[in-house]
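Asks: Sharing run-v7.txt, compact mmCIF, C-alpha atoms:
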```
# COMPACT_ATOMS: atom_id res chain seq x y z
CA MET A 1097 11.38 44.44 102.79
CA ASN A 1098 11.72 44.59 106.58
CA ASP A 1099 14.98 45.24 108.43
CA ARG A 1100 15.32 41.69 109.73
CA LYS A 1101 15.01 40.20 106.25
CA ARG A 1102 17.70 42.56 104.99
CA GLN A 1103 19.96 41.53 107.86
CA VAL A 1104 19.45 37.86 106.94
CA LEU A 1105 20.48 38.65 103.36
CA LEU A 1106 23.62 40.47 104.51
CA THR A 1107 24.55 37.58 106.79
CA ALA A 1108 23.91 34.99 104.08
CA GLN A 1109 25.99 36.97 101.57
CA ARG A 1110 28.92 37.13 103.99
CA LEU A 1111 28.72 33.38 104.66
CA PHE A 1112 28.47 32.53 100.96
CA VAL A 1113 31.61 34.58 100.28
CA GLU A 1114 33.58 33.33 103.29
CA ASN A 1115 32.60 29.65 103.26
CA GLY A 1116 31.25 29.03 99.77
CA PHE A 1117 27.66 28.64 98.64
CA SER A 1118 27.58 24.83 98.58
CA THR A 1119 29.11 24.42 102.04
CA THR A 1120 26.94 27.07 103.71
CA SER A 1121 23.78 25.49 105.09
CA ILE A 1122 20.49 27.10 106.01
CA GLN A 1123 21.33 26.18 109.60
CA ASP A 1124 24.54 28.24 109.34
CA ILE A 1125 22.48 31.24 108.19
CA LEU A 1126 19.96 30.72 111.01
CA LYS A 1127 22.71 30.56 113.62
CA GLU A 1128 24.54 33.67 112.39
CA SER A 1129 21.33 35.65 111.86
CA GLY A 1130 19.71 34.63 115.14
CA ILE A 1131 16.42 33.68 113.52
CA SER A 1132 14.27 30.53 113.56
CA LYS A 1133 13.83 28.14 110.66
CA GLY A 1134 10.20 29.24 110.40
CA THR A 1135 11.25 32.87 110.01
CA PHE A 1136 13.74 31.97 107.27
CA TYR A 1137 11.11 30.03 105.31
CA ASN A 1138 8.69 32.90 105.77
CA TYR A 1139 11.22 35.02 103.84
CA PHE A 1140 12.59 32.46 101.36
CA THR A 1141 11.45 29.07 100.08
CA SER A 1142 15.03 27.80 99.77
CA LYS A 1143 18.71 28.68 100.01
CA ASN A 1144 18.63 29.26 96.25
CA GLU A 1145 15.91 31.87 96.60
CA CYS A 1146 17.95 33.59 99.31
CA MET A 1147 20.93 33.70 96.94
CA MET A 1148 18.80 35.08 94.10
CA ALA A 1149 17.43 37.80 96.40
CA ILE A 1150 21.02 38.83 97.22
CA LEU A 1151 21.96 39.00 93.54
CA GLU A 1152 18.77 40.90 92.71
CA GLN A 1153 19.56 43.57 95.32
CA ILE A 1154 23.04 44.07 93.90
CA HIS A 1155 21.69 44.14 90.35
CA ASP A 1156 19.22 46.84 91.39
CA ILE A 1157 22.02 49.03 92.81
CA ALA A 1158 24.05 48.83 89.59
CA THR A 1159 20.99 49.47 87.40
CA ILE A 1160 20.02 52.58 89.34
CA LYS A 1161 23.56 54.01 89.21
CA ARG A 1162 23.68 53.39 85.48
CA ARG A 1163 20.40 55.18 84.90
CA GLU A 1164 21.49 58.16 86.98
CA LEU A 1165 24.37 58.77 84.57
CA LEU A 1166 21.93 59.22 81.70
CA LEU A 1167 19.77 61.81 83.43
CA GLU A 1168 22.21 64.66 82.78
CA ASN A 1169 24.37 63.22 79.99
CA ASP A 1170 24.11 62.45 76.28
CA ALA A 1171 23.22 58.79 75.64
CA SER A 1172 25.33 58.85 72.46
CA ASP A 1173 28.51 59.71 74.40
CA LYS A 1174 30.80 56.66 74.38
CA ASN A 1175 32.45 57.80 77.60
CA ILE A 1176 29.10 57.53 79.38
CA LEU A 1177 28.68 53.96 78.15
CA VAL A 1178 32.19 53.17 79.40
CA GLU A 1179 31.29 54.58 82.82
CA GLN A 1180 28.05 52.60 82.93
CA ILE A 1181 29.88 49.34 82.21
CA PHE A 1182 32.50 50.29 84.78
CA ILE A 1183 29.75 50.82 87.38
CA ARG A 1184 28.53 47.24 87.01
CA MET A 1185 32.06 45.86 87.41
CA LEU A 1186 32.76 48.16 90.36
CA VAL A 1187 29.56 47.14 92.18
CA ASN A 1188 30.34 43.47 91.57
CA ARG A 1189 33.80 43.98 93.04
CA GLU A 1190 32.56 46.00 96.03
CA GLN A 1191 29.97 43.31 96.80
CA ASN A 1192 32.57 40.55 96.35
CA LEU A 1193 30.43 38.79 93.76
CA LEU A 1194 33.20 36.95 91.89
CA PRO A 1195 33.49 34.07 94.39
CA ILE A 1196 29.70 33.83 94.50
CA TYR A 1197 29.43 33.60 90.71
CA GLU A 1198 32.19 31.00 90.65
CA ALA A 1199 30.43 28.98 93.35
CA ILE A 1200 27.20 29.02 91.33
CA PHE A 1201 29.04 27.97 88.16
CA TYR A 1202 30.79 25.03 89.82
CA SER A 1203 27.73 24.00 91.83
CA GLY A 1204 25.96 22.80 88.71
CA ASP A 1205 22.67 23.96 90.23
CA ALA A 1206 20.27 24.28 87.27
CA GLU A 1207 17.98 26.82 88.95
CA LEU A 1208 20.78 29.23 89.88
CA ARG A 1209 22.57 28.84 86.56
CA ASP A 1210 19.32 29.62 84.73
CA TYR A 1211 18.95 32.73 86.88
CA ILE A 1212 22.50 33.85 85.96
CA ARG A 1213 21.82 33.05 82.31
CA LYS A 1214 18.77 35.35 82.27
CA HIS A 1215 20.79 38.18 83.77
CA LEU A 1216 23.53 37.63 81.18
CA LEU A 1217 20.97 37.83 78.38
CA GLY A 1218 19.61 40.97 80.01
CA GLU A 1219 23.10 42.48 79.97
CA VAL A 1220 23.49 41.61 76.28
CA ALA A 1221 20.16 43.32 75.60
CA TRP A 1222 21.15 46.39 77.62
CA ILE A 1223 24.55 46.78 75.92
CA SER A 1224 22.91 46.23 72.53
CA GLY A 1225 20.48 49.05 73.20
CA ARG A 1226 23.24 51.35 74.39
CA LEU A 1227 25.36 50.58 71.33
CA ILE A 1228 22.43 51.69 69.17
CA ASP A 1229 22.32 54.92 71.22
CA VAL A 1230 26.02 55.43 70.52
CA TYR A 1231 26.26 54.39 66.86
CA GLY A 1232 22.77 55.25 65.61
CA ASP A 1233 19.85 53.31 64.17
CA GLU A 1234 21.98 51.84 61.36
CA ALA A 1235 23.77 49.80 64.03
CA THR A 1236 20.57 48.01 65.10
CA PRO A 1237 21.09 44.76 63.10
CA TYR A 1238 24.68 44.45 64.38
CA ALA A 1239 24.31 45.60 67.99
CA PRO A 1240 23.67 42.13 69.52
CA ASP A 1241 26.77 40.70 67.79
CA CYS A 1242 28.90 43.60 69.02
CA ALA A 1243 27.45 43.31 72.54
CA VAL A 1244 28.44 39.64 72.70
CA ILE A 1245 31.90 40.42 71.31
CA MET A 1246 32.35 43.26 73.79
CA LEU A 1247 31.33 41.16 76.80
CA GLY A 1248 33.55 38.30 75.65
CA MET A 1249 36.58 40.54 75.23
CA MET A 1250 36.18 42.09 78.67
CA GLN A 1251 35.62 38.74 80.36
CA HIS A 1252 38.76 37.23 78.83
CA PHE A 1253 40.86 40.28 79.63
CA LEU A 1254 39.75 40.02 83.27
CA HIS A 1255 40.41 36.28 83.51
CA PHE A 1256 43.81 36.60 81.81
CA THR A 1257 44.88 39.44 84.09
CA ILE A 1258 43.81 37.60 87.25
CA ALA A 1259 45.72 34.51 86.13
CA SER A 1260 48.87 36.19 84.83
CA THR A 1261 49.73 39.16 87.05
CA LYS A 1262 49.53 40.46 90.59
CA ASN A 1263 49.70 44.07 89.46
CA GLU A 1264 46.69 46.34 89.87
CA PHE A 1265 44.34 46.01 86.93
CA HIS A 1266 42.87 49.21 85.51
CA THR A 1267 39.30 48.18 84.74
CA ARG A 1268 38.22 51.48 83.21
CA LYS A 1269 41.25 51.48 80.90
CA MET A 1270 40.33 47.96 79.74
CA ILE A 1271 36.74 49.00 79.01
CA GLN A 1272 37.97 52.04 77.05
CA PHE A 1273 40.32 49.81 75.03
CA THR A 1274 37.46 47.40 74.29
CA MET A 1275 35.21 50.30 73.26
CA ARG A 1276 37.82 51.41 70.70
CA ARG A 1277 37.91 47.89 69.27
CA ILE A 1278 34.12 47.90 68.97
CA ASP A 1279 34.39 51.18 67.01
CA ALA A 1280 36.25 49.27 64.29
CA VAL A 1281 34.10 46.14 64.49
CA MET A 1282 30.82 48.05 64.26
CA ALA A 1283 32.04 50.19 61.35
CA ASN A 1284 33.12 47.09 59.44
CA MET A 1285 29.87 45.22 60.11
CA ILE A 1286 27.79 48.19 58.93
CA ASP A 1287 29.98 48.59 55.85
CA THR A 1288 29.86 44.90 54.88
CA LYS A 1289 26.32 44.26 56.21
CA ASP A 1290 27.71 41.20 57.94
CA SER A 1291 26.03 39.83 61.07
CA LEU A 1292 25.73 36.45 62.76
CA LEU A 1293 22.79 36.74 65.16
CA GLU A 1294 19.24 37.03 63.87
CA ASN A 1295 17.98 40.59 63.32
CA ASP A 1296 15.03 40.11 65.69
CA ILE A 1297 17.15 38.77 68.55
CA LEU A 1298 16.72 42.06 70.46
CA LEU A 1299 12.97 41.59 70.57
CA SER A 1300 13.32 38.24 72.32
CA LEU A 1301 15.95 39.55 74.73
CA ASN A 1302 13.85 42.58 75.67
CA TYR A 1303 10.51 40.82 75.87
CA PRO A 1304 8.76 42.04 79.07
CA THR A 1305 8.20 39.23 81.58
CA VAL A 1306 6.31 41.38 84.11
CA ASP A 1307 2.71 42.53 83.80
CA LYS A 1308 2.61 46.34 83.79
CA ASP A 1309 -0.61 46.67 85.78
CA ASN A 1310 0.53 44.20 88.43
CA LEU A 1311 3.86 46.00 88.74
CA LYS A 1312 2.05 49.33 89.10
CA GLN A 1313 -0.12 47.93 91.89
CA GLN A 1314 2.92 46.48 93.69
CA LEU A 1315 4.67 49.83 93.41
CA VAL A 1316 1.66 51.77 94.70
CA SER A 1317 1.24 49.35 97.64
CA GLN A 1318 4.91 49.58 98.58
CA LEU A 1319 4.90 53.38 98.38
CA GLU A 1320 1.73 53.59 100.47
CA GLY A 1321 3.25 51.37 103.15
CA PHE A 1322 6.50 53.35 103.07
CA LEU A 1323 4.56 56.60 103.40
CA CYS A 1324 2.86 55.32 106.55
CA TYR A 1325 6.24 54.64 108.18
CA LEU A 1326 7.51 58.10 107.22
CA GLN A 1327 4.43 59.84 108.59
CA VAL A 1328 4.88 58.08 111.93
CA GLU A 1329 8.55 59.15 111.99
CA GLN A 1330 7.64 62.64 110.68
CA LYS A 1331 10.31 62.64 107.96
CA GLN A 1332 8.95 65.60 105.99
CA ASN A 1333 11.31 65.57 102.99
CA GLY A 1334 10.80 61.87 102.47
CA ILE A 1335 7.02 62.29 102.79
CA GLN A 1336 6.94 64.95 100.05
CA PHE A 1337 8.97 62.88 97.59
CA THR A 1338 6.95 59.73 98.32
CA GLN A 1339 3.65 61.55 97.88
CA PHE A 1340 4.82 62.99 94.56
CA LEU A 1341 5.85 59.56 93.25
CA LEU A 1342 2.49 58.10 94.30
CA GLU A 1343 0.50 60.86 92.61
CA GLU A 1344 2.54 60.67 89.42
CA ILE A 1345 2.28 56.88 89.14
CA ARG A 1346 -1.47 57.02 89.70
CA SER A 1347 -1.88 59.63 86.96
CA GLU A 1348 -3.19 58.64 83.53
CA LYS A 1349 0.10 59.53 81.82
CA PRO A 1350 3.06 59.31 84.24
CA ARG A 1351 5.97 61.53 83.19
CA ALA A 1352 9.03 59.29 82.94
CA PHE A 1353 11.69 62.00 83.19
CA LEU A 1354 10.08 63.55 86.27
CA LEU A 1355 9.73 60.14 87.93
CA GLU A 1356 13.41 59.35 87.34
CA THR A 1357 14.57 62.78 88.52
CA VAL A 1358 12.49 62.76 91.70
CA SER A 1359 13.41 59.13 92.32
CA ARG A 1360 17.07 60.15 92.60
CA SER A 1361 16.26 62.87 95.16
CA PHE A 1362 14.03 60.37 96.95
CA ARG A 1363 16.96 57.92 97.32
CA GLU A 1364 19.38 60.63 98.40
CA THR A 1365 17.01 61.66 101.19
CA PHE A 1366 17.42 58.25 102.81
CA ARG A 1367 21.14 57.75 102.26
CA GLU A 1368 22.87 56.67 105.47
CA THR A 1369 19.51 55.82 107.06
CA ARG A 1370 17.83 52.49 107.77
CA HIS A 1371 15.38 53.24 104.95
CA HIS A 1372 18.05 53.43 102.24
CA GLN A 1373 17.67 49.86 100.99
CA GLU A 1374 13.89 50.24 100.88
CA ALA A 1375 14.33 53.39 98.79
CA ILE A 1376 16.59 51.47 96.40
CA GLU A 1377 13.99 48.69 96.07
CA ILE A 1378 11.25 51.22 95.32
CA SER A 1379 13.45 53.02 92.77
CA SER A 1380 14.33 49.77 91.03
CA ARG A 1381 10.68 48.77 90.76
CA LEU A 1382 9.91 52.29 89.53
CA LEU A 1383 12.50 52.05 86.73
CA LYS A 1384 11.04 48.72 85.61
CA TYR A 1385 7.58 50.28 85.53
CA ILE A 1386 8.85 53.26 83.49
CA ASP A 1387 10.45 50.91 80.96
CA LEU A 1388 7.31 48.77 80.68
CA ASN A 1389 5.13 51.87 80.35
CA GLU A 1390 7.30 53.22 77.52
CA ALA A 1391 7.37 49.80 75.80
CA HIS A 1392 3.55 49.64 75.80
CA SER A 1393 3.25 53.19 74.46
CA ASN A 1394 5.54 52.51 71.46
```
Would you mind giving the structure from this file in structure tokens?
Replies:
Amino acid sequence: MNDRKRQVLLTAQRLFVENGFSTTSIQDILKESGISKGTFYNYFTSKNECMMAILEQIHDIATIKRRELLLENDASDKNILVEQIFIRMLVNREQNLLPIYEAIFYSGDAELRDYIRKHLLGEVAWISGRLIDVYGDEATPYAPDCAVIMLGMMQHFLHFTIASTKNEFHTRKMIQFTMRRIDAVMANMIDTKDSLLENDILLSLNYPTVDKDNLKQQLVSQLEGFLCYLQVEQKQNGIQFTQFLLEEIRSEKPRAFLLETVSRSFRETFRETRHHQEAIEISSRLLKYIDLNEAHSN
């Protein structure tokens, strides 16, 4: 993604937060961004697509931060799961997403609401998988139920606190409290073999919607283009990391752990530079490819 397109997204996000999604027009975005209508439509087919691109960027940031926590920590540690959930809430707060989500909800726009629904289902699938990491394979039939219960509890705690008090709300403390409640719920469900959702619900939630080979080609093309920019600018550290990622992805059996580890160093190299967002986009696409590759090998 080029710098101008990123600037348009930042401007649109600010306008959506300040003025509301429904009342912000494409013309408002054009005026604030200093671009022509033709340039906007070269980037996005609609205002909705612009909004979804903003949300996708923020989702990528949270996903990468969550994965980083698992590189050097035990996936069965409940405290790590708490921190991963906290990361998503923290990123949402830092990016001021609450008014944007509310605007989408009240807009009644079917396309945007369907987009949010898919991300919610993705979150249910992710929490379900992490609950299995924490509680073991015997939790598999009950993980989706507990994921829905957990998300519901946290959502209502947040809404109640916003409505009832002006005091600072301790988000991490709330997540820890909810985790302790899930301890009891999960133990009881395993003991009684009681579940509501179908046992194969995880398969439908985790079903890959992206073709692995196409994603690999997109990733290779983006890395090759990025490498060209770096070679012109003579950024040696970035060149080495980018070349390694390219070679590993092109190999017959890419090593997932190495890709994730080097990907983190790759992103850190470009922190506080104009290439940082591009590095995040590449890392996000890389994580999706790793997941798809592992899914096909199982």
Asks: Counting only C-alpha atoms, which residues of range 1183-1264 of chain A sit at most 10 Å from some atom of range 1285-1293 of chain A, and what is each one's closest atom pair with its distance in Å to one decimal, listed by chain and rising residue number, as JSON lines?
Replies:
```
{"residue": "A:Glu1234", "atom": "CA", "partner": "A:Ile1286", "partner_atom": "CA", "distance": 7.3}
{"residue": "A:Ala1235", "atom": "CA", "partner": "A:Ile1286", "partner_atom": "CA", "distance": 6.7}
{"residue": "A:Thr1236", "atom": "CA", "partner": "A:Ile1286", "partner_atom": "CA", "distance": 9.5}
{"residue": "A:Pro1237", "atom": "CA", "partner": "A:Ser1291", "partner_atom": "CA", "distance": 7.3}
{"residue": "A:Tyr1238", "atom": "CA", "partner": "A:Ser1291", "partner_atom": "CA", "distance": 5.8}
{"residue": "A:Ala1239", "atom": "CA", "partner": "A:Ser1291", "partner_atom": "CA", "distance": 9.2}
{"residue": "A:Pro1240", "atom": "CA", "partner": "A:Leu1293", "partner_atom": "CA", "distance": 7.0}
{"residue": "A:Asp1241", "atom": "CA", "partner": "A:Leu1293", "partner_atom": "CA", "distance": 6.2}
{"residue": "A:Cys1242", "atom": "CA", "partner": "A:Met1285", "partner_atom": "CA", "distance": 9.1}
{"residue": "A:Val1244", "atom": "CA", "partner": "A:Leu1293", "partner_atom": "CA", "distance": 9.9}
```
Asks: So that I can see what lies close to Ser1142 in chain A, please list as a PDB file with C-alpha atoms, in the coordinates of the input the residues with an atom at most 12 Å from it, counting only C-alpha atoms and leaving out residues fewer than 5 positions away in the same chain.
Replies:
```
ATOM      1  CA  SER A1121      23.780  25.490 105.090  1.00  0.00           C
ATOM      2  CA  ILE A1122      20.490  27.100 106.010  1.00  0.00           C
ATOM      3  CA  GLN A1123      21.330  26.180 109.600  1.00  0.00           C
ATOM      4  CA  ILE A1125      22.480  31.240 108.190  1.00  0.00           C
ATOM      5  CA  LYS A1133      13.830  28.140 110.660  1.00  0.00           C
ATOM      6  CA  GLY A1134      10.200  29.240 110.400  1.00  0.00           C
ATOM      7  CA  PHE A1136      13.740  31.970 107.270  1.00  0.00           C
ATOM      8  CA  TYR A1137      11.110  30.030 105.310  1.00  0.00           C
ATOM      9  CA  MET A1147      20.930  33.700  96.940  1.00  0.00           C
ATOM     10  CA  MET A1148      18.800  35.080  94.100  1.00  0.00           C
ATOM     11  CA  ALA A1149      17.430  37.800  96.400  1.00  0.00           C
ATOM     12  CA  GLU A1207      17.980  26.820  88.950  1.00  0.00           C
ATOM     13  CA  LEU A1208      20.780  29.230  89.880  1.00  0.00           C
TER      14      LEU A1208
END
```
Asks: Name the closest residue to Leu1311 in chain A among the candidates A:Leu1383, A:Ile1160, A:Val1358, A:Ile1131; distances are taken between atoms, counting all atoms listed in the file.
Replies: A:Leu1383
Asks: Report as number ranges by chain all protein, DNA and RNA residues lying within 12 Å of Glu1344 in chain A, evaluated on all atoms listed in the file, omitting residues in the same chain fewer than 3 positions from it.
Replies: A: 1312, 1315-1316, 1319, 1337-1341, 1347-1356, 1358-1359, 1382, 1386
Asks: Skip Ala1375 in chain A itself and residues of its chain fewer than 5 positions away, then list as a ChimeraX atom specification all residues within 12 Å of it, counting only C-alpha atoms.
Replies: /A:1097,1153,1156-1157,1160,1315,1318-1319,1322-1323,1326,1334,1337-1338,1341,1358-1370,1380-1382
Asks: Using all atoms listed in the file, which of A:Pro1195, A:Ala1259, A:Ile1335, A:Asn1169 sits nearest Asn1115 in chain A?
Replies: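 For Asn1115 in chain A, the nearest of the candidates is A:Pro1195.
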Asks: Please list as a VMD selection string every residue within 12 Å of Ile1176 in chain A, counting only C-alpha atoms and excluding residues in the same chain fewer than 2 positions away.
Replies: chain A and resid 1161 to 1174 1178 to 1183 1226 to 1227 1229 to 1230 1268 1271 to 1272 1275
Asks: Can you find the residues with an atom no farther than 12 Å from (28.7, 43.7, 91.6), counting only C-alpha atoms, and report them as number ranges by chain?
Replies: A: 1150-1159, 1161, 1181-1197
Asks: Keeping only C-alpha atoms, take the residues you just selected and write them out as a PDB file, in the coordinates of the input.
Replies:
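Result file is result29.pdb:
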```pdb
ATOM      1  CA  ILE A1150      21.020  38.830  97.220  1.00  0.00           C
ATOM      2  CA  LEU A1151      21.960  39.000  93.540  1.00  0.00           C
ATOM      3  CA  GLU A1152      18.770  40.900  92.710  1.00  0.00           C
ATOM      4  CA  GLN A1153      19.560  43.570  95.320  1.00  0.00           C
ATOM      5  CA  ILE A1154      23.040  44.070  93.900  1.00  0.00           C
ATOM      6  CA  HIS A1155      21.690  44.140  90.350  1.00  0.00           C
ATOM      7  CA  ASP A1156      19.220  46.840  91.390  1.00  0.00           C
ATOM      8  CA  ILE A1157      22.020  49.030  92.810  1.00  0.00           C
ATOM      9  CA  ALA A1158      24.050  48.830  89.590  1.00  0.00           C
ATOM     10  CA  THR A1159      20.990  49.470  87.400  1.00  0.00           C
ATOM     11  CA  LYS A1161      23.560  54.010  89.210  1.00  0.00           C
ATOM     12  CA  ILE A1181      29.880  49.340  82.210  1.00  0.00           C
ATOM     13  CA  PHE A1182      32.500  50.290  84.780  1.00  0.00           C
ATOM     14  CA  ILE A1183      29.750  50.820  87.380  1.00  0.00           C
ATOM     15  CA  ARG A1184      28.530  47.240  87.010  1.00  0.00           C
ATOM     16  CA  MET A1185      32.060  45.860  87.410  1.00  0.00           C
ATOM     17  CA  LEU A1186      32.760  48.160  90.360  1.00  0.00           C
ATOM     18  CA  VAL A1187      29.560  47.140  92.180  1.00  0.00           C
ATOM     19  CA  ASN A1188      30.340  43.470  91.570  1.00  0.00           C
ATOM     20  CA  ARG A1189      33.800  43.980  93.040  1.00  0.00           C
ATOM     21  CA  GLU A1190      32.560  46.000  96.030  1.00  0.00           C
ATOM     22  CA  GLN A1191      29.970  43.310  96.800  1.00  0.00           C
ATOM     23  CA  ASN A1192      32.570  40.550  96.350  1.00  0.00           C
ATOM     24  CA  LEU A1193      30.430  38.790  93.760  1.00  0.00           C
ATOM     25  CA  LEU A1194      33.200  36.950  91.890  1.00  0.00           C
ATOM     26  CA  PRO A1195      33.490  34.070  94.390  1.00  0.00           C
ATOM     27  CA  ILE A1196      29.700  33.830  94.500  1.00  0.00           C
ATOM     28  CA  TYR A1197      29.430  33.600  90.710  1.00  0.00           C
TER      29      TYR A1197
END
```
